[in-house]
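> Coordinates in run01.pdb, PDB, C-alpha atoms and all ligand atoms, are listed below.
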```pdb
MODEL        1
ATOM      1  CA  MET A   1       4.886   2.596 -12.805  1.00  0.00           C
ATOM      2  CA  GLU A   2       4.615  -0.144 -15.380  1.00  0.00           C
ATOM      3  CA  ARG A   3       3.645  -3.779 -15.019  1.00  0.00           C
ATOM      4  CA  THR A   4       4.923  -6.723 -17.037  1.00  0.00           C
ATOM      5  CA  PHE A   5       4.062 -10.383 -17.374  1.00  0.00           C
ATOM      6  CA  ILE A   6       6.790 -12.941 -16.709  1.00  0.00           C
ATOM      7  CA  ALA A   7       6.527 -16.743 -16.743  1.00  0.00           C
ATOM      8  CA  VAL A   8       9.027 -19.418 -15.851  1.00  0.00           C
ATOM      9  CA  LYS A   9       8.450 -21.963 -18.620  1.00  0.00           C
ATOM     10  CA  PRO A  10       8.072 -25.736 -18.055  1.00  0.00           C
ATOM     11  CA  ASP A  11      11.809 -26.284 -18.683  1.00  0.00           C
ATOM     12  CA  GLY A  12      12.725 -23.639 -16.075  1.00  0.00           C
ATOM     13  CA  VAL A  13      10.318 -25.170 -13.560  1.00  0.00           C
ATOM     14  CA  GLN A  14      11.625 -28.718 -14.135  1.00  0.00           C
ATOM     15  CA  ARG A  15      15.206 -27.514 -13.797  1.00  0.00           C
ATOM     16  CA  GLY A  16      14.476 -25.931 -10.424  1.00  0.00           C
ATOM     17  CA  LEU A  17      15.110 -22.363 -11.545  1.00  0.00           C
ATOM     18  CA  ILE A  18      11.990 -20.610 -10.183  1.00  0.00           C
ATOM     19  CA  GLY A  19      13.837 -19.331  -7.121  1.00  0.00           C
ATOM     20  CA  GLU A  20      16.898 -18.162  -9.065  1.00  0.00           C
ATOM     21  CA  ILE A  21      14.695 -16.276 -11.515  1.00  0.00           C
ATOM     22  CA  ILE A  22      12.519 -14.637  -8.843  1.00  0.00           C
ATOM     23  CA  LYS A  23      15.662 -13.627  -6.960  1.00  0.00           C
ATOM     24  CA  ARG A  24      16.934 -11.617  -9.917  1.00  0.00           C
ATOM     25  CA  PHE A  25      13.766  -9.522 -10.146  1.00  0.00           C
ATOM     26  CA  GLU A  26      13.545  -9.101  -6.375  1.00  0.00           C
ATOM     27  CA  THR A  27      17.137  -7.968  -5.995  1.00  0.00           C
ATOM     28  CA  ARG A  28      16.802  -5.578  -8.928  1.00  0.00           C
ATOM     29  CA  GLY A  29      14.120  -3.821  -6.887  1.00  0.00           C
ATOM     30  CA  PHE A  30      10.999  -4.773  -8.803  1.00  0.00           C
ATOM     31  CA  ARG A  31       7.783  -5.477  -6.915  1.00  0.00           C
ATOM     32  CA  LEU A  32       5.840  -8.741  -7.210  1.00  0.00           C
ATOM     33  CA  VAL A  33       2.122  -7.976  -7.515  1.00  0.00           C
ATOM     34  CA  ALA A  34       0.646 -11.349  -8.577  1.00  0.00           C
ATOM     35  CA  SER A  35       1.798 -14.931  -9.094  1.00  0.00           C
ATOM     36  CA  LYS A  36       0.519 -18.456  -9.574  1.00  0.00           C
ATOM     37  CA  PHE A  37       1.823 -21.952 -10.262  1.00  0.00           C
ATOM     38  CA  MET A  38      -0.329 -23.559 -12.932  1.00  0.00           C
ATOM     39  CA  LYS A  39      -0.524 -25.745 -16.004  1.00  0.00           C
ATOM     40  CA  ALA A  40      -1.868 -23.883 -19.034  1.00  0.00           C
ATOM     41  CA  SER A  41      -3.914 -25.595 -21.748  1.00  0.00           C
ATOM     42  CA  GLU A  42      -2.663 -25.761 -25.324  1.00  0.00           C
ATOM     43  CA  ASP A  43      -5.539 -23.487 -26.448  1.00  0.00           C
ATOM     44  CA  PHE A  44      -4.612 -20.946 -23.805  1.00  0.00           C
ATOM     45  CA  MET A  45      -0.996 -20.942 -24.994  1.00  0.00           C
ATOM     46  CA  LYS A  46      -2.188 -20.516 -28.587  1.00  0.00           C
ATOM     47  CA  THR A  47      -3.989 -17.346 -27.481  1.00  0.00           C
ATOM     48  CA  HIS A  48      -0.972 -16.156 -25.511  1.00  0.00           C
ATOM     49  CA  TYR A  49       1.336 -16.591 -28.534  1.00  0.00           C
ATOM     50  CA  LEU A  50      -1.241 -15.537 -31.154  1.00  0.00           C
ATOM     51  CA  ASP A  51       1.113 -13.018 -32.802  1.00  0.00           C
ATOM     52  CA  LEU A  52       3.430 -15.948 -33.687  1.00  0.00           C
ATOM     53  CA  LYS A  53       0.702 -18.081 -35.297  1.00  0.00           C
ATOM     54  CA  ASP A  54       2.357 -18.055 -38.735  1.00  0.00           C
ATOM     55  CA  MET A  55       5.777 -19.107 -37.463  1.00  0.00           C
ATOM     56  CA  PRO A  56       6.940 -22.698 -38.085  1.00  0.00           C
ATOM     57  CA  PHE A  57       7.641 -23.241 -34.370  1.00  0.00           C
ATOM     58  CA  TYR A  58       4.191 -22.014 -33.178  1.00  0.00           C
ATOM     59  CA  ALA A  59       2.491 -25.428 -32.800  1.00  0.00           C
ATOM     60  CA  GLY A  60       5.476 -27.027 -31.064  1.00  0.00           C
ATOM     61  CA  LEU A  61       5.909 -24.005 -28.808  1.00  0.00           C
ATOM     62  CA  CYS A  62       2.282 -24.047 -27.655  1.00  0.00           C
ATOM     63  CA  LYS A  63       2.393 -27.806 -27.111  1.00  0.00           C
ATOM     64  CA  TYR A  64       5.584 -27.495 -25.083  1.00  0.00           C
ATOM     65  CA  MET A  65       4.322 -24.564 -23.003  1.00  0.00           C
ATOM     66  CA  SER A  66       1.265 -26.617 -22.014  1.00  0.00           C
ATOM     67  CA  SER A  67       3.213 -29.835 -21.344  1.00  0.00           C
ATOM     68  CA  GLY A  68       4.053 -29.001 -17.728  1.00  0.00           C
ATOM     69  CA  PRO A  69       3.671 -26.385 -15.023  1.00  0.00           C
ATOM     70  CA  VAL A  70       4.629 -22.758 -15.461  1.00  0.00           C
ATOM     71  CA  PHE A  71       5.168 -20.108 -12.789  1.00  0.00           C
ATOM     72  CA  ALA A  72       3.276 -17.020 -13.917  1.00  0.00           C
ATOM     73  CA  MET A  73       3.962 -13.608 -12.401  1.00  0.00           C
ATOM     74  CA  VAL A  74       3.226  -9.918 -12.712  1.00  0.00           C
ATOM     75  CA  TRP A  75       5.981  -7.545 -11.630  1.00  0.00           C
ATOM     76  CA  GLU A  76       5.911  -3.769 -11.279  1.00  0.00           C
ATOM     77  CA  GLY A  77       8.565  -1.075 -11.588  1.00  0.00           C
ATOM     78  CA  GLN A  78       9.703   1.975 -13.484  1.00  0.00           C
ATOM     79  CA  ASN A  79      10.381   1.113 -17.143  1.00  0.00           C
ATOM     80  CA  ILE A  80      10.012  -2.570 -16.223  1.00  0.00           C
ATOM     81  CA  VAL A  81       9.002  -3.930 -19.649  1.00  0.00           C
ATOM     82  CA  LYS A  82      12.250  -2.830 -21.245  1.00  0.00           C
ATOM     83  CA  LEU A  83      14.439  -3.614 -18.238  1.00  0.00           C
ATOM     84  CA  VAL A  84      13.087  -7.164 -17.899  1.00  0.00           C
ATOM     85  CA  ARG A  85      13.675  -7.813 -21.598  1.00  0.00           C
ATOM     86  CA  MET A  86      17.294  -6.728 -21.070  1.00  0.00           C
ATOM     87  CA  MET A  87      17.575  -9.025 -18.052  1.00  0.00           C
ATOM     88  CA  LEU A  88      16.224 -11.971 -20.095  1.00  0.00           C
ATOM     89  CA  GLY A  89      18.828 -11.653 -22.841  1.00  0.00           C
ATOM     90  CA  GLU A  90      18.093 -12.544 -26.459  1.00  0.00           C
ATOM     91  CA  THR A  91      15.434 -15.049 -27.561  1.00  0.00           C
ATOM     92  CA  ASN A  92      18.261 -17.409 -28.516  1.00  0.00           C
ATOM     93  CA  PRO A  93      20.361 -18.186 -25.418  1.00  0.00           C
ATOM     94  CA  ALA A  94      23.349 -18.643 -27.739  1.00  0.00           C
ATOM     95  CA  ASP A  95      23.170 -14.897 -28.509  1.00  0.00           C
ATOM     96  CA  SER A  96      22.535 -13.888 -24.880  1.00  0.00           C
ATOM     97  CA  LYS A  97      25.320 -12.267 -22.918  1.00  0.00           C
ATOM     98  CA  PRO A  98      26.606 -13.781 -19.676  1.00  0.00           C
ATOM     99  CA  GLY A  99      24.867 -11.959 -16.845  1.00  0.00           C
ATOM    100  CA  SER A 100      21.480 -12.239 -18.525  1.00  0.00           C
ATOM    101  CA  ILE A 101      19.034 -14.919 -17.385  1.00  0.00           C
ATOM    102  CA  ARG A 102      19.132 -16.826 -20.669  1.00  0.00           C
ATOM    103  CA  GLY A 103      22.872 -16.201 -21.065  1.00  0.00           C
ATOM    104  CA  ASP A 104      23.565 -17.697 -17.645  1.00  0.00           C
ATOM    105  CA  LEU A 105      21.005 -20.470 -17.310  1.00  0.00           C
ATOM    106  CA  CYS A 106      20.127 -22.102 -20.647  1.00  0.00           C
ATOM    107  CA  ILE A 107      21.454 -23.166 -24.043  1.00  0.00           C
ATOM    108  CA  ASN A 108      18.726 -23.841 -26.621  1.00  0.00           C
ATOM    109  CA  ILE A 109      16.193 -21.475 -28.253  1.00  0.00           C
ATOM    110  CA  GLY A 110      13.321 -23.940 -27.785  1.00  0.00           C
ATOM    111  CA  ARG A 111      14.202 -24.344 -24.080  1.00  0.00           C
ATOM    112  CA  ASN A 112      14.942 -20.762 -23.077  1.00  0.00           C
ATOM    113  CA  ILE A 113      13.256 -21.104 -19.629  1.00  0.00           C
ATOM    114  CA  ILE A 114      11.463 -17.770 -19.354  1.00  0.00           C
ATOM    115  CA  HIS A 115       8.905 -15.512 -21.012  1.00  0.00           C
ATOM    116  CA  GLY A 116       8.710 -11.747 -20.590  1.00  0.00           C
ATOM    117  CA  SER A 117       6.389  -9.315 -22.375  1.00  0.00           C
ATOM    118  CA  ASP A 118       8.181  -7.474 -25.185  1.00  0.00           C
ATOM    119  CA  THR A 119       6.202  -4.199 -25.294  1.00  0.00           C
ATOM    120  CA  LEU A 120       3.993  -2.245 -22.907  1.00  0.00           C
ATOM    121  CA  GLU A 121       0.983  -2.992 -25.113  1.00  0.00           C
ATOM    122  CA  ASN A 122       1.689  -6.749 -25.037  1.00  0.00           C
ATOM    123  CA  ALA A 123       2.365  -6.570 -21.303  1.00  0.00           C
ATOM    124  CA  LYS A 124      -1.125  -5.160 -20.722  1.00  0.00           C
ATOM    125  CA  ARG A 125      -2.669  -7.827 -22.933  1.00  0.00           C
ATOM    126  CA  GLU A 126      -0.750 -10.683 -21.284  1.00  0.00           C
ATOM    127  CA  VAL A 127      -1.351  -9.480 -17.712  1.00  0.00           C
ATOM    128  CA  GLY A 128      -5.079  -9.365 -18.497  1.00  0.00           C
ATOM    129  CA  LEU A 129      -5.024 -12.783 -20.156  1.00  0.00           C
ATOM    130  CA  TRP A 130      -3.258 -14.582 -17.281  1.00  0.00           C
ATOM    131  CA  PHE A 131      -4.635 -12.800 -14.210  1.00  0.00           C
ATOM    132  CA  LYS A 132      -8.031 -11.694 -12.892  1.00  0.00           C
ATOM    133  CA  ALA A 133      -8.358  -8.423 -10.952  1.00  0.00           C
ATOM    134  CA  GLU A 134      -8.828 -10.274  -7.621  1.00  0.00           C
ATOM    135  CA  GLU A 135      -5.516 -12.104  -8.022  1.00  0.00           C
ATOM    136  CA  PHE A 136      -3.504  -8.916  -7.509  1.00  0.00           C
ATOM    137  CA  VAL A 137      -2.274  -8.353  -3.960  1.00  0.00           C
ATOM    138  CA  GLU A 138      -2.426  -4.759  -2.751  1.00  0.00           C
ATOM    139  CA  TYR A 139       0.284  -3.676  -0.325  1.00  0.00           C
ATOM    140  CA  THR A 140       2.532  -0.747   0.413  1.00  0.00           C
ATOM    141  CA  PRO A 141       6.180  -1.628  -0.196  1.00  0.00           C
ATOM    142  CA  CYS A 142       8.578  -0.031   2.294  1.00  0.00           C
ATOM    143  CA  THR A 143      11.468   0.208  -0.170  1.00  0.00           C
ATOM    144  CA  GLN A 144      10.138   2.746  -2.684  1.00  0.00           C
ATOM    145  CA  PRO A 145      12.032   5.851  -1.400  1.00  0.00           C
ATOM    146  CA  PHE A 146      15.267   3.855  -1.563  1.00  0.00           C
ATOM    147  CA  LEU A 147      14.674   2.677  -5.123  1.00  0.00           C
ATOM    148  CA  TYR A 148      13.235   5.812  -6.715  1.00  0.00           C
ATOM    149  CA  GLU A 149      14.225   9.446  -6.409  1.00  0.00           C
TER
HETATM  150  N1  LIG B 201      11.061 -19.936 -30.351  1.00  0.00           N
HETATM  151  C1  LIG B 201      11.513 -21.127 -30.908  1.00  0.00           C
HETATM  152  N2  LIG B 201      12.206 -21.070 -32.084  1.00  0.00           N
HETATM  153  C2  LIG B 201      12.461 -19.910 -32.732  1.00  0.00           C
HETATM  154  C3  LIG B 201      12.010 -18.706 -32.154  1.00  0.00           C
HETATM  155  C4  LIG B 201      11.315 -18.760 -30.971  1.00  0.00           C
HETATM  156  O1  LIG B 201      11.291 -22.202 -30.342  1.00  0.00           O
HETATM  157  O2  LIG B 201      13.100 -19.923 -33.786  1.00  0.00           O
HETATM  158  C5  LIG B 201      10.328 -19.991 -29.083  1.00  0.00           C
HETATM  159  C6  LIG B 201      11.173 -19.531 -27.910  1.00  0.00           C
HETATM  160  O3  LIG B 201      10.833 -20.344 -26.792  1.00  0.00           O
HETATM  161  C7  LIG B 201      10.697 -18.123 -27.673  1.00  0.00           C
HETATM  162  C8  LIG B 201       9.226 -18.227 -28.042  1.00  0.00           C
HETATM  163  O4  LIG B 201       9.215 -19.112 -29.157  1.00  0.00           O
HETATM  164  O5  LIG B 201      10.919 -17.702 -26.353  1.00  0.00           O
HETATM  165  C9  LIG B 201       8.541 -16.933 -28.427  1.00  0.00           C
HETATM  166  O6  LIG B 201       9.273 -16.323 -29.456  1.00  0.00           O
HETATM  167  P1  LIG B 201       9.574 -14.755 -29.408  1.00  0.00           P
HETATM  168  O7  LIG B 201      10.140 -14.373 -30.725  1.00  0.00           O
HETATM  169  O8  LIG B 201       8.387 -14.029 -28.918  1.00  0.00           O
HETATM  170  O9  LIG B 201      10.775 -14.691 -28.326  1.00  0.00           O
HETATM  171  P2  LIG B 201      10.821 -14.095 -26.842  1.00  0.00           P
HETATM  172  O10 LIG B 201       9.883 -12.905 -26.802  1.00  0.00           O
HETATM  173  O11 LIG B 201      10.418 -15.199 -25.899  1.00  0.00           O
HETATM  174  O12 LIG B 201      12.252 -13.693 -26.637  1.00  0.00           O
HETATM  175 MG    MG B 202       7.917 -12.702 -27.383  1.00  0.00          MG
ENDMDL
END
```
Here is the file; what I need is its structure written in the form of structure tokens.

Amino acid sequence: MERTFIAVKPDGVQRGLIGEIIKRFETRGFRLVASKFMKASEDFMKTHYLDLKDMPFYAGLCKYMSSGPVFAMVWEGQNIVKLVRMMLGETNPADSKPGSIRGDLCINIGRNIIHGSDTLENAKREVGLWFKAEEFVEYTPCTQPFLYE
């Protein structure tokens, strides 16, 4: 099983899309293992997006991501990092196919409503950055035999 970090960005929160976004991961069969509603600081977002520090949009992105609340989550499932990235669509909603989250719910690259880790290595880093060990909820899901052979 893999875990990935997903966040509904401030634009997604303001537009009332938290429920719609959670629903897609729930109905796919993934398992929620941690979540919190919070406002991140600009410094925290700079650390989160450190690999983009040389990009022209980095400063504006970090400022925007800290301008309002985000809904941060960790989800678990087989091959989840890759599958969630497919569910998100492309970084630019204009290139995202209908059926994907960005292709269905947003228009502009700077307001693309959701973050999802892009590699397993980054997922581990981001999960550790956003969540402490005690924030994970341990439980036995009853659906596993019906989702996995
Ligand atoms: N972004 C932007 N302009 C760009 C490229 C990216 O504003 O030209 C923003 C966008 O919100 C994106 C985030 O920066 O989601 C992180 O960029 P990345 O390339 O990691 O895209 P993602 O992994 O979110 O698809
Ligand atoms: Mg990224």
> Have a look at A:Val81, A:Cys106, A:Leu88, A:Ala40 and name the one nearest to ligand LIG 201 (chain B); count all atoms listed in the file.
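Ranking A:Val81, A:Cys106, A:Leu88, A:Ala40 by distance to ligand LIG 201 (chain B), first place goes to A:Leu88.
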> Of the candidates A:Asn122, A:Thr143, A:Ser100, A:Thr91, which shows the shortest atom-to-atom distance to ligand LIG 201 (chain B), using all atoms listed in the file?
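For ligand LIG 201 (chain B), the nearest of the given residues is A:Thr91.
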> Need to verify the contact set: range 107-117 of chain A, 10 Å, all atoms listed in the file, exclusion of same-chain residues closer than 6 positions in sequence. Can you return it as a PyMOL selection string?
chain A and resi 3-15+17-18+21+57+60-61+64-65+70-74+80-82+84-96+101+123-127
> Show me, as lines of an AutoDock Vina configuration file, the centre and edge lengths in Å to one decimal of the axis-aligned box that covers every listed atom of ligand LIG 201 (chain B) with 6 Å on each side.

```
center_x = 10.7
center_y = -17.6
center_z = -29.8
size_x = 16.7
size_y = 21.3
size_z = 19.9
```
> Around the point (2.0, -1.5, -5.1) in the file's coordinates, collect all residues with an atom within 8 Å, using all atoms listed in the file, and return them as an MDAnalysis selection string.
chainID A and resid 31 33 76 138:141
> Please enumerate the residues selected by the PyMOL selection byres (((chain A and resi 78) around 6) and not hetatm) when evaluated against the supplied file, formatted as a list in words.
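Given this file, the PyMOL selection byres (((chain A and resi 78) around 6) and not hetatm) evaluates to Met1, Glu2, Gly77, Asn79 and Ile80 of chain A.
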> As an exercise, work out the distance from CA of Gly19 in chain A to CA of Glu134 in chain A in Å and give it to one decimal place.
24.4 Å
> Looking at all atoms listed in the file, which of A:Gly128, A:Pro56, A:Gly68, A:Pro145 is the one that sits closest to ligand LIG 201 (chain B)?
A:Pro56
> Once the PyMOL selection byres (((chain A and resi 41) around 10) and not hetatm) is applied to the coordinates I shared, what remains selected? I want it as JSON, numbers by chain.
{"A": [38, 39, 40, 42, 43, 44, 45, 46, 62, 63, 65, 66, 67, 68]}
> So, counting all atoms listed in the file, which residue among A:Asp54, A:Glu149, A:Glu135, A:Glu121 is closest to Leu32 in chain A?
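Counting all atoms listed in the file, the residue closest to Leu32 in chain A is A:Glu135.
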> Could you check the closest approach to ligand LIG 201 (chain B) for each of A:Val137, A:Thr119, A:Phe146, A:Lys132 and tell me which residue wins, using all atoms listed in the file?
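That would be A:Thr119, the residue with the smallest distance to ligand LIG 201 (chain B).
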> Measuring atom to atom with all atoms listed in the file, identify which of A:Asp104, A:Tyr49, A:Phe37, A:Pro69 is nearest to ligand LIG 201 (chain B).
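Counting all atoms listed in the file, the residue closest to ligand LIG 201 (chain B) is A:Tyr49.
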> Report, in Å with one decimal, the straight-line distance from CA of Asp118 in chain A to CA of Leu52 in chain A.
12.9 Å
> Could you state the separation of CA of Gly16 in chain A and CA of Phe136 in chain A in Å, given to one decimal place?
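Answer for the CA of Gly16 in chain A to CA of Phe136 in chain A separation: 24.9 Å.
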